[in-house]
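What follows is the content of start-v1.json (JSON, C-alpha atoms and all ligand atoms).
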```json
[["chain", "number", "residue", "atom", "x", "y", "z"],
["A", 26, "MET", "CA", 33.45, -4.71, -46.54],
["A", 27, "HIS", "CA", 33.97, -5.67, -42.93],
["A", 28, "LEU", "CA", 31.33, -7.13, -40.62],
["A", 29, "ALA", "CA", 31.02, -5.78, -37.08],
["A", 30, "LEU", "CA", 28.75, -6.98, -34.27],
["A", 31, "ILE", "CA", 28.07, -4.59, -31.39],
["A", 32, "THR", "CA", 26.12, -5.73, -28.35],
["A", 33, "GLY", "CA", 23.68, -3.27, -26.77],
["A", 34, "ALA", "CA", 23.71, -1.23, -29.97],
["A", 35, "ASN", "CA", 20.11, -0.06, -29.92],
["A", 36, "ARG", "CA", 21.03, 3.07, -27.90],
["A", 37, "GLY", "CA", 23.83, 4.90, -26.12],
["A", 38, "ILE", "CA", 27.48, 4.37, -27.02],
["A", 39, "GLY", "CA", 26.66, 1.15, -28.89],
["A", 40, "TYR", "CA", 24.27, 2.93, -31.24],
["A", 41, "ALA", "CA", 26.68, 5.81, -31.83],
["A", 42, "LEU", "CA", 29.45, 3.33, -32.61],
["A", 43, "ALA", "CA", 27.15, 1.46, -35.01],
["A", 44, "ASP", "CA", 26.46, 4.77, -36.78],
["A", 45, "THR", "CA", 30.17, 5.63, -36.92],
["A", 46, "LEU", "CA", 31.18, 2.20, -38.26],
["A", 47, "CYS", "CA", 28.37, 2.33, -40.85],
["A", 48, "SER", "CA", 29.71, 5.66, -42.07],
["A", 49, "ARG", "CA", 33.15, 4.03, -42.37],
["A", 50, "GLY", "CA", 31.73, 1.32, -44.64],
["A", 51, "PHE", "CA", 31.19, -1.51, -42.17],
["A", 52, "HIS", "CA", 28.18, -3.79, -42.29],
["A", 53, "VAL", "CA", 26.95, -3.55, -38.70],
["A", 54, "LEU", "CA", 24.95, -6.12, -36.78],
["A", 55, "VAL", "CA", 22.99, -4.22, -34.14],
["A", 56, "GLY", "CA", 22.92, -6.53, -31.12],
["A", 57, "ALA", "CA", 19.88, -5.90, -28.93],
["A", 58, "ARG", "CA", 18.10, -7.81, -26.18],
["A", 59, "SER", "CA", 14.80, -6.62, -27.66],
["A", 60, "LEU", "CA", 14.56, -7.48, -31.36],
["A", 61, "GLU", "CA", 11.99, -4.71, -31.76],
["A", 62, "ARG", "CA", 14.36, -2.06, -30.35],
["A", 63, "GLY", "CA", 17.22, -3.52, -32.42],
["A", 64, "GLU", "CA", 15.16, -3.37, -35.61],
["A", 65, "GLN", "CA", 14.15, 0.23, -34.90],
["A", 66, "ALA", "CA", 17.82, 1.17, -34.47],
["A", 67, "ALA", "CA", 18.90, -0.75, -37.60],
["A", 68, "ALA", "CA", 16.12, 0.92, -39.63],
["A", 69, "GLN", "CA", 17.30, 4.33, -38.40],
["A", 70, "LEU", "CA", 20.88, 3.50, -39.44],
["A", 71, "ARG", "CA", 19.69, 2.35, -42.87],
["A", 72, "SER", "CA", 17.69, 5.59, -43.28],
["A", 73, "ARG", "CA", 21.03, 7.38, -42.78],
["A", 74, "GLY", "CA", 22.60, 5.30, -45.56],
["A", 75, "GLY", "CA", 24.13, 2.63, -43.33],
["A", 76, "ASN", "CA", 24.32, -1.10, -43.92],
["A", 77, "ALA", "CA", 22.81, -2.46, -40.69],
["A", 78, "ASP", "CA", 20.73, -5.39, -39.47],
["A", 79, "ALA", "CA", 19.34, -6.21, -36.06],
["A", 80, "LEU", "CA", 20.44, -9.33, -34.18],
["A", 81, "LEU", "CA", 18.82, -10.64, -31.01],
["A", 82, "LEU", "CA", 21.44, -10.86, -28.27],
["A", 83, "ASP", "CA", 20.55, -10.86, -24.58],
["A", 84, "LEU", "CA", 23.57, -11.22, -22.32],
["A", 85, "GLU", "CA", 21.30, -12.89, -19.77],
["A", 86, "GLN", "CA", 20.07, -15.47, -22.33],
["A", 87, "PRO", "CA", 23.03, -17.59, -23.53],
["A", 88, "GLU", "CA", 20.83, -19.41, -26.03],
["A", 89, "THR", "CA", 20.74, -16.15, -28.01],
["A", 90, "PHE", "CA", 24.56, -16.40, -28.37],
["A", 91, "THR", "CA", 24.28, -19.78, -30.09],
["A", 92, "ALA", "CA", 21.53, -18.58, -32.39],
["A", 93, "ALA", "CA", 23.53, -15.44, -33.27],
["A", 94, "ALA", "CA", 26.69, -17.46, -34.03],
["A", 95, "GLU", "CA", 24.72, -19.86, -36.22],
["A", 96, "HIS", "CA", 23.08, -16.98, -38.07],
["A", 97, "ILE", "CA", 26.40, -15.21, -38.75],
["A", 98, "ALA", "CA", 28.04, -18.48, -39.83],
["A", 99, "ALA", "CA", 25.22, -19.26, -42.26],
["A", 100, "ARG", "CA", 24.83, -15.75, -43.71],
["A", 101, "PHE", "CA", 28.41, -14.40, -43.67],
["A", 102, "GLY", "CA", 30.82, -17.21, -42.69],
["A", 103, "VAL", "CA", 33.11, -14.68, -40.97],
["A", 104, "LEU", "CA", 33.08, -11.94, -38.31],
["A", 105, "ASP", "CA", 35.69, -9.17, -38.34],
["A", 106, "VAL", "CA", 34.82, -7.09, -35.28],
["A", 107, "LEU", "CA", 33.09, -7.96, -32.01],
["A", 108, "VAL", "CA", 32.36, -5.09, -29.62],
["A", 109, "ASN", "CA", 31.25, -6.27, -26.19],
["A", 110, "ASN", "CA", 29.49, -3.01, -25.39],
["A", 111, "ALA", "CA", 26.28, -3.89, -23.54],
["A", 112, "GLY", "CA", 26.62, -3.17, -19.85],
["A", 113, "ILE", "CA", 24.63, -2.37, -16.73],
["A", 114, "MET", "CA", 25.12, -0.46, -13.48],
["A", 115, "ILE", "CA", 22.04, -1.25, -11.42],
["A", 116, "GLU", "CA", 23.23, -1.02, -7.82],
["A", 117, "ALA", "CA", 23.09, 2.72, -7.08],
["A", 118, "GLU", "CA", 21.39, 5.91, -8.22],
["A", 119, "GLU", "CA", 24.53, 7.97, -7.69],
["A", 120, "TRP", "CA", 28.05, 7.10, -8.81],
["A", 121, "ASN", "CA", 29.76, 8.37, -5.62],
["A", 122, "THR", "CA", 28.40, 5.54, -3.51],
["A", 123, "ASN", "CA", 30.13, 2.61, -1.86],
["A", 124, "THR", "CA", 27.88, -0.42, -2.32],
["A", 125, "THR", "CA", 30.32, -3.03, -1.02],
["A", 126, "LEU", "CA", 28.39, -3.70, 2.20],
["A", 127, "THR", "CA", 24.91, -3.38, 0.77],
["A", 128, "ILE", "CA", 24.77, -4.82, -2.75],
["A", 129, "PRO", "CA", 22.25, -7.68, -2.83],
["A", 130, "PRO", "CA", 23.77, -10.95, -4.09],
["A", 131, "ALA", "CA", 21.21, -11.12, -6.90],
["A", 132, "VAL", "CA", 22.27, -7.68, -8.15],
["A", 133, "LEU", "CA", 25.95, -8.67, -7.98],
["A", 134, "HIS", "CA", 25.24, -11.87, -9.95],
["A", 135, "ARG", "CA", 23.17, -10.06, -12.60],
["A", 136, "THR", "CA", 25.82, -7.38, -13.01],
["A", 137, "PHE", "CA", 28.51, -10.02, -13.54],
["A", 138, "GLN", "CA", 26.27, -11.95, -15.95],
["A", 139, "VAL", "CA", 25.76, -8.96, -18.26],
["A", 140, "ASN", "CA", 29.17, -7.29, -17.86],
["A", 141, "PHE", "CA", 31.46, -10.36, -17.62],
["A", 142, "PHE", "CA", 30.06, -13.92, -17.94],
["A", 143, "GLY", "CA", 27.90, -13.03, -20.95],
["A", 144, "PRO", "CA", 30.69, -11.32, -22.92],
["A", 145, "VAL", "CA", 33.11, -14.19, -22.16],
["A", 146, "GLU", "CA", 30.69, -16.86, -23.35],
["A", 147, "LEU", "CA", 29.54, -14.85, -26.37],
["A", 148, "THR", "CA", 33.16, -14.27, -27.40],
["A", 149, "GLN", "CA", 33.97, -17.97, -27.03],
["A", 150, "GLN", "CA", 31.05, -18.84, -29.30],
["A", 151, "LEU", "CA", 32.01, -16.25, -31.93],
["A", 152, "LEU", "CA", 35.76, -17.00, -31.96],
["A", 153, "PRO", "CA", 35.60, -19.55, -34.80],
["A", 154, "LEU", "CA", 34.10, -16.80, -36.99],
["A", 155, "LEU", "CA", 36.59, -14.15, -35.81],
["A", 156, "ARG", "CA", 39.46, -16.55, -36.59],
["A", 157, "LYS", "CA", 38.31, -16.54, -40.22],
["A", 158, "SER", "CA", 38.89, -12.77, -40.48],
["A", 159, "THR", "CA", 42.21, -11.49, -41.78],
["A", 160, "ASP", "CA", 42.21, -8.72, -39.15],
["A", 161, "GLY", "CA", 39.85, -9.68, -36.31],
["A", 162, "ARG", "CA", 39.19, -7.23, -33.48],
["A", 163, "ILE", "CA", 37.57, -7.83, -30.09],
["A", 164, "VAL", "CA", 36.81, -4.62, -28.20],
["A", 165, "ASN", "CA", 35.59, -4.88, -24.62],
["A", 166, "ILE", "CA", 33.95, -1.66, -23.46],
["A", 167, "SER", "CA", 35.32, -1.26, -19.96],
["A", 168, "THR", "CA", 35.68, 1.74, -17.68],
["A", 169, "ILE", "CA", 38.32, 3.62, -15.73],
["A", 170, "LEU", "CA", 36.33, 2.47, -12.66],
["A", 171, "ALA", "CA", 37.77, -1.01, -13.29],
["A", 172, "SER", "CA", 41.23, 0.17, -12.22],
["A", 173, "LEU", "CA", 42.29, -1.40, -8.92],
["A", 174, "GLN", "CA", 45.33, 0.85, -8.84],
["A", 175, "LEU", "CA", 43.18, 4.02, -8.97],
["A", 176, "HIS", "CA", 40.70, 2.61, -6.43],
["A", 177, "ALA", "CA", 43.58, 1.99, -4.02],
["A", 178, "THR", "CA", 44.94, 5.51, -4.49],
["A", 179, "PRO", "CA", 43.25, 8.16, -2.30],
["A", 180, "GLY", "CA", 42.91, 11.37, -4.28],
["A", 181, "SER", "CA", 42.52, 9.72, -7.66],
["A", 182, "ASN", "CA", 39.49, 10.93, -9.64],
["A", 183, "THR", "CA", 37.78, 7.56, -9.39],
["A", 184, "TYR", "CA", 38.61, 6.90, -5.72],
["A", 185, "PRO", "CA", 35.17, 7.89, -4.31],
["A", 186, "THR", "CA", 33.17, 5.91, -6.90],
["A", 187, "LYS", "CA", 33.02, 2.50, -5.27],
["A", 188, "THR", "CA", 30.05, 0.95, -7.06],
["A", 189, "PHE", "CA", 31.41, -2.46, -6.15],
["A", 190, "GLY", "CA", 29.47, -4.74, -8.50],
["A", 191, "TYR", "CA", 29.89, -2.60, -11.61],
["A", 192, "ASN", "CA", 33.55, -1.79, -10.95],
["A", 193, "SER", "CA", 34.61, -5.35, -10.14],
["A", 194, "SER", "CA", 32.68, -6.83, -13.10],
["A", 195, "LYS", "CA", 34.67, -4.52, -15.38],
["A", 196, "THR", "CA", 37.94, -5.41, -13.58],
["A", 197, "ALA", "CA", 37.10, -9.02, -14.47],
["A", 198, "LEU", "CA", 36.37, -7.97, -18.06],
["A", 199, "ASN", "CA", 39.83, -6.39, -18.24],
["A", 200, "ALA", "CA", 41.30, -9.67, -16.98],
["A", 201, "PHE", "CA", 39.48, -11.38, -19.85],
["A", 202, "THR", "CA", 41.12, -8.94, -22.27],
["A", 203, "VAL", "CA", 44.60, -9.80, -21.00],
["A", 204, "HIS", "CA", 44.04, -13.56, -20.89],
["A", 205, "LEU", "CA", 42.30, -13.70, -24.27],
["A", 206, "ALA", "CA", 45.04, -11.63, -25.92],
["A", 207, "HIS", "CA", 47.57, -14.15, -24.58],
["A", 208, "ALA", "CA", 45.49, -17.08, -25.82],
["A", 209, "LEU", "CA", 45.32, -15.48, -29.30],
["A", 210, "GLN", "CA", 49.03, -14.68, -29.59],
["A", 211, "GLY", "CA", 50.26, -15.44, -33.09],
["A", 212, "THR", "CA", 46.84, -14.81, -34.66],
["A", 213, "PRO", "CA", 45.76, -11.56, -36.36],
["A", 214, "ILE", "CA", 43.08, -10.99, -33.69],
["A", 215, "LYS", "CA", 43.65, -8.00, -31.39],
["A", 216, "VAL", "CA", 41.86, -7.77, -28.04],
["A", 217, "ILE", "CA", 41.41, -4.35, -26.46],
["A", 218, "SER", "CA", 39.63, -2.96, -23.40],
["A", 219, "VAL", "CA", 38.45, 0.61, -23.88],
["A", 220, "HIS", "CA", 37.33, 3.24, -21.41],
["A", 221, "PRO", "CA", 34.97, 5.43, -23.47],
["A", 222, "GLY", "CA", 35.10, 8.46, -21.15],
["A", 223, "TRP", "CA", 32.20, 9.75, -19.06],
["A", 224, "VAL", "CA", 29.53, 9.70, -21.73],
["A", 225, "GLN", "CA", 26.08, 11.32, -21.96],
["A", 226, "THR", "CA", 23.90, 8.19, -21.92],
["A", 227, "LYS", "CA", 21.36, 6.68, -19.55],
["A", 228, "LEU", "CA", 24.16, 4.79, -17.79],
["A", 229, "GLY", "CA", 26.45, 7.83, -17.71],
["A", 230, "GLY", "CA", 23.77, 9.80, -15.86],
["A", 231, "LYS", "CA", 23.98, 13.37, -14.63],
["A", 232, "GLY", "CA", 27.14, 15.36, -15.23],
["A", 233, "ALA", "CA", 28.55, 13.21, -18.03],
["A", 234, "LEU", "CA", 31.07, 15.10, -20.11],
["A", 235, "ILE", "CA", 31.20, 13.84, -23.68],
["A", 236, "SER", "CA", 28.72, 12.90, -26.39],
["A", 237, "PRO", "CA", 28.22, 9.28, -27.48],
["A", 238, "GLN", "CA", 29.35, 10.38, -30.96],
["A", 239, "LYS", "CA", 32.72, 11.59, -29.63],
["A", 240, "ALA", "CA", 33.24, 8.38, -27.64],
["A", 241, "ALA", "CA", 32.29, 6.34, -30.70],
["A", 242, "GLU", "CA", 34.80, 8.16, -32.93],
["A", 243, "ASP", "CA", 37.62, 7.33, -30.49],
["A", 244, "ILE", "CA", 36.62, 3.64, -30.38],
["A", 245, "ALA", "CA", 36.26, 3.48, -34.18],
["A", 246, "GLU", "CA", 39.79, 4.86, -34.61],
["A", 247, "LEU", "CA", 41.12, 1.89, -32.63],
["A", 248, "ILE", "CA", 39.04, -0.59, -34.61],
["A", 249, "VAL", "CA", 40.30, 0.63, -37.97],
["A", 250, "ALA", "CA", 43.95, 1.07, -36.87],
["A", 251, "ALA", "CA", 46.25, -1.11, -38.97],
["A", 252, "GLU", "CA", 48.23, -2.51, -36.02],
["A", 253, "PRO", "CA", 46.53, -1.69, -32.70],
["A", 254, "PRO", "CA", 48.09, -3.03, -29.49],
["A", 255, "THR", "CA", 46.57, -6.14, -27.90],
["A", 256, "GLY", "CA", 45.93, -7.07, -24.25],
["A", 257, "VAL", "CA", 45.69, -3.43, -23.17],
["A", 258, "VAL", "CA", 43.18, -1.04, -21.60],
["A", 259, "LEU", "CA", 43.06, 2.29, -23.43],
["A", 260, "PHE", "CA", 41.42, 5.69, -23.14],
["A", 261, "ARG", "CA", 41.69, 7.73, -26.34],
["A", 262, "GLY", "CA", 44.54, 5.50, -27.45],
["A", 263, "SER", "CA", 46.61, 5.81, -24.24],
["A", 264, "PRO", "CA", 47.01, 3.04, -21.62],
["A", 265, "LEU", "CA", 45.21, 3.32, -18.28],
["A", 266, "PRO", "CA", 46.43, 1.78, -15.01],
["A", 267, "TRP", "CA", 45.08, -1.73, -14.33],
["B", 1, "LIG", "N1", 28.26, 6.18, -20.23],
["B", 1, "LIG", "C1", 29.42, 6.20, -19.61],
["B", 1, "LIG", "O1", 29.83, 7.24, -19.06],
["B", 1, "LIG", "C2", 30.30, 4.98, -19.58],
["B", 1, "LIG", "C3", 31.55, 5.09, -18.97],
["B", 1, "LIG", "C4", 32.38, 3.98, -18.94],
["B", 1, "LIG", "C5", 31.96, 2.80, -19.52],
["B", 1, "LIG", "N2", 30.74, 2.72, -20.10],
["B", 1, "LIG", "C6", 30.34, 1.43, -20.69],
["B", 1, "LIG", "O2", 29.89, 1.65, -22.01],
["B", 1, "LIG", "C7", 28.96, 0.61, -22.37],
["B", 1, "LIG", "C8", 27.73, 1.22, -22.99],
["B", 1, "LIG", "O3", 27.11, 2.03, -21.99],
["B", 1, "LIG", "P1", 26.11, 3.24, -22.31],
["B", 1, "LIG", "O4", 26.58, 4.38, -21.53],
["B", 1, "LIG", "O5", 25.90, 3.35, -23.76],
["B", 1, "LIG", "O6", 24.79, 2.66, -21.59],
["B", 1, "LIG", "P2", 23.26, 2.72, -21.95],
["B", 1, "LIG", "O7", 22.92, 3.95, -22.74],
["B", 1, "LIG", "O8", 22.56, 2.47, -20.67],
["B", 1, "LIG", "O9", 23.06, 1.49, -22.96],
["B", 1, "LIG", "C9", 23.26, 0.20, -22.49],
["B", 1, "LIG", "C10", 22.97, -0.77, -23.62],
["B", 1, "LIG", "O10", 23.18, -2.10, -23.11],
["B", 1, "LIG", "C11", 22.01, -2.84, -23.37],
["B", 1, "LIG", "N3", 21.80, -3.94, -22.43],
["B", 1, "LIG", "C12", 21.55, -3.86, -21.10],
["B", 1, "LIG", "N4", 21.38, -5.09, -20.60],
["B", 1, "LIG", "C13", 21.54, -5.97, -21.63],
["B", 1, "LIG", "C14", 21.47, -7.37, -21.77],
["B", 1, "LIG", "N5", 21.16, -8.17, -20.75],
["B", 1, "LIG", "N6", 21.70, -7.91, -22.98],
["B", 1, "LIG", "C15", 21.97, -7.14, -24.05],
["B", 1, "LIG", "N7", 22.02, -5.80, -24.00],
["B", 1, "LIG", "C16", 21.80, -5.23, -22.80],
["B", 1, "LIG", "C17", 20.85, -1.85, -23.34],
["B", 1, "LIG", "O11", 19.72, -2.38, -23.95],
["B", 1, "LIG", "P3", 18.20, -1.89, -23.58],
["B", 1, "LIG", "O12", 17.94, -0.65, -24.39],
["B", 1, "LIG", "O13", 17.35, -3.04, -23.99],
["B", 1, "LIG", "O14", 18.17, -1.62, -22.11],
["B", 1, "LIG", "C18", 21.51, -0.71, -24.11],
["B", 1, "LIG", "O15", 21.46, -0.97, -25.48],
["B", 1, "LIG", "C19", 28.69, -0.17, -21.08],
["B", 1, "LIG", "O16", 29.44, -1.38, -21.08],
["B", 1, "LIG", "C20", 29.18, 0.75, -19.99],
["B", 1, "LIG", "O17", 29.60, 0.05, -18.84],
["B", 1, "LIG", "C21", 29.89, 3.78, -20.15]]
```
Could you show the structure in this file as structure tokens?
Ligand SMILES: NC(=O)c1ccc[n+]([C@@H]2O[C@H](COP(=O)([O-])OP(=O)(O)OC[C@H]3O[C@@H](n4cnc5c(N)ncnc54)[C@H](OP(=O)(O)O)[C@@H]3O)[C@@H](O)[C@H]2O)c1
Amino acid sequence: MHLALITGANRGIGYALADTLCSRGFHVLVGARSLERGEQAAAQLRSRGGNADALLLDLEQPETFTAAAEHIAARFGVLDVLVNNAGIMIEAEEWNTNTTLTIPPAVLHRTFQVNFFGPVELTQQLLPLLRKSTDGRIVNISTILASLQLHATPGSNTYPTKTFGYNSSKTALNAFTVHLAHALQGTPIKVISVHPGWVQTKLGGKGALISPQKAAEDIAELIVAAEPPTGVVLFRGSPLPW
């Protein structure tokens, strides 16, 4: 049995991925910034036959990272899969907005805390446990909106969507993927950024195209792959431009 921790797993893509990994035999730790919401989600997964427990993890509260690492070390002694899924886009109501000139500094800082600084620090704290796995996986849930190449290409699908804080925090997350993969060369741990598609969740908003279940299946396929690539950004298994 493999142990997977997913941040922001009480709803949206994170919850769907927890459900999918449970059905594939993983023991899933449901990371949630509200223990109550995490426990509700874990109970729902267990009622569907899954092996799931809630774990308090707030990307804005680094002390929860330490407590989570200590808990996993004491109870399991190893972590096989970390999915940095929790994310926020809080600067605009509509995606086709350019917030570069208007985003308040506090919103920019908070976005980077949840989408970049938090995942980096959490990963650093969990690495000793991931190193104990025979086939460790770190999946950073990114977005096609992180692509600088597409943002600099008029006519690309993502060109008009210049939500500056969200996009740039995910560009930074992709940089983490590349640098971490390099740092972990020669170990079994694979590090992958994933664009899940435009998914029907609160964050995805109006017009989203695919169900959380479909997005979760694609991500799960990567997690269980015997030899996935490392240091890449993928959408349905194919590389995206940086
Ligand atoms: N939906 C899309 O179309 C799409 C496209 C590309 C990428 N993504 C990425 O996919 C990931 C999941 O997004 P989603 O669509 O599933 O969004 P969602 O439905 O809005 O869910 C976001 C999750 O993140 C959690 N979260 C927010 N702030 C947190 C914090 N400070 N600490 C811990 N957890 C926190 C939320 O918890 P609460 O319930 O407590 O708020 C919730 O569980 C995100 O990284 C997002 O950027 C989504």
Contacts of ligand LIG 1 (chain B), 8 Å or closer, only C-alpha atoms and all ligand atoms, given as an MDAnalysis selection string: chainID A and resid 32:40 56:59 62 82:86 109:114 138:140 165:170 191 195 220:230 233 237
Using all atoms listed in the file, determine which residues lie at most 9 Å from A:Thr212, disregarding the query and same-chain residues fewer than 6 positions distant; provide the list as an mmCIF file with C-alpha atoms, in the coordinates of the input.
```
data_model
loop_
_atom_site.group_PDB
_atom_site.id
_atom_site.type_symbol
_atom_site.label_atom_id
_atom_site.label_comp_id
_atom_site.auth_asym_id
_atom_site.auth_seq_id
_atom_site.Cartn_x
_atom_site.Cartn_y
_atom_site.Cartn_z
ATOM 1 C CA ARG A 156 39.460 -16.550 -36.590
ATOM 2 C CA ASP A 160 42.210 -8.720 -39.150
ATOM 3 C CA GLY A 161 39.850 -9.680 -36.310
#
```
9 Å contact set for A:Ser194, only C-alpha atoms, chain neighbours under 2 positions out, as a list in words: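 Counting only C-alpha atoms, the residues come to Leu133, Thr136, Phe137, Gln138, Val139, Asn140, Phe141, Phe142, Ala171, Phe189, Gly190, Tyr191, Asn192, Thr196, Ala197, Leu198 and Asn199 of chain A.
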Any chance you could export the current selection's C-alpha atoms as a PDB file, in the coordinates of the input?
```pdb
ATOM      1  CA  LEU A 133      25.950  -8.670  -7.980  1.00  0.00           C
ATOM      2  CA  THR A 136      25.820  -7.380 -13.010  1.00  0.00           C
ATOM      3  CA  PHE A 137      28.510 -10.020 -13.540  1.00  0.00           C
ATOM      4  CA  GLN A 138      26.270 -11.950 -15.950  1.00  0.00           C
ATOM      5  CA  VAL A 139      25.760  -8.960 -18.260  1.00  0.00           C
ATOM      6  CA  ASN A 140      29.170  -7.290 -17.860  1.00  0.00           C
ATOM      7  CA  PHE A 141      31.460 -10.360 -17.620  1.00  0.00           C
ATOM      8  CA  PHE A 142      30.060 -13.920 -17.940  1.00  0.00           C
ATOM      9  CA  ALA A 171      37.770  -1.010 -13.290  1.00  0.00           C
ATOM     10  CA  PHE A 189      31.410  -2.460  -6.150  1.00  0.00           C
ATOM     11  CA  GLY A 190      29.470  -4.740  -8.500  1.00  0.00           C
ATOM     12  CA  TYR A 191      29.890  -2.600 -11.610  1.00  0.00           C
ATOM     13  CA  ASN A 192      33.550  -1.790 -10.950  1.00  0.00           C
ATOM     14  CA  THR A 196      37.940  -5.410 -13.580  1.00  0.00           C
ATOM     15  CA  ALA A 197      37.100  -9.020 -14.470  1.00  0.00           C
ATOM     16  CA  LEU A 198      36.370  -7.970 -18.060  1.00  0.00           C
ATOM     17  CA  ASN A 199      39.830  -6.390 -18.240  1.00  0.00           C
TER      18      ASN A 199
END
```
Atomic distance atom CA of A:Thr45 - atom CA of A:Ile31, expressed in Å with one decimal: 11.8 Å
Point-to-point distance from atom CA of A:His27 to atom CA of A:Val106, Å rounded to tenths: 7.8 Å
Polymer residues at most 10 Å from (40.3, 1.4, -7.8) by all atoms listed in the file, as a PyMOL selection string: chain A and resi 169-179+181-187+189+192-193+196+266-267
Selection near A:Cys47, 9 Å with only C-alpha atoms, sequence-local residues under 3 positions removed, as a list in words: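 Selected residues are Leu42, Ala43, Asp44, Gly50, Phe51, His52, Val53, Leu70, Arg71, Gly74, Gly75, Asn76 and Ala77 of chain A.
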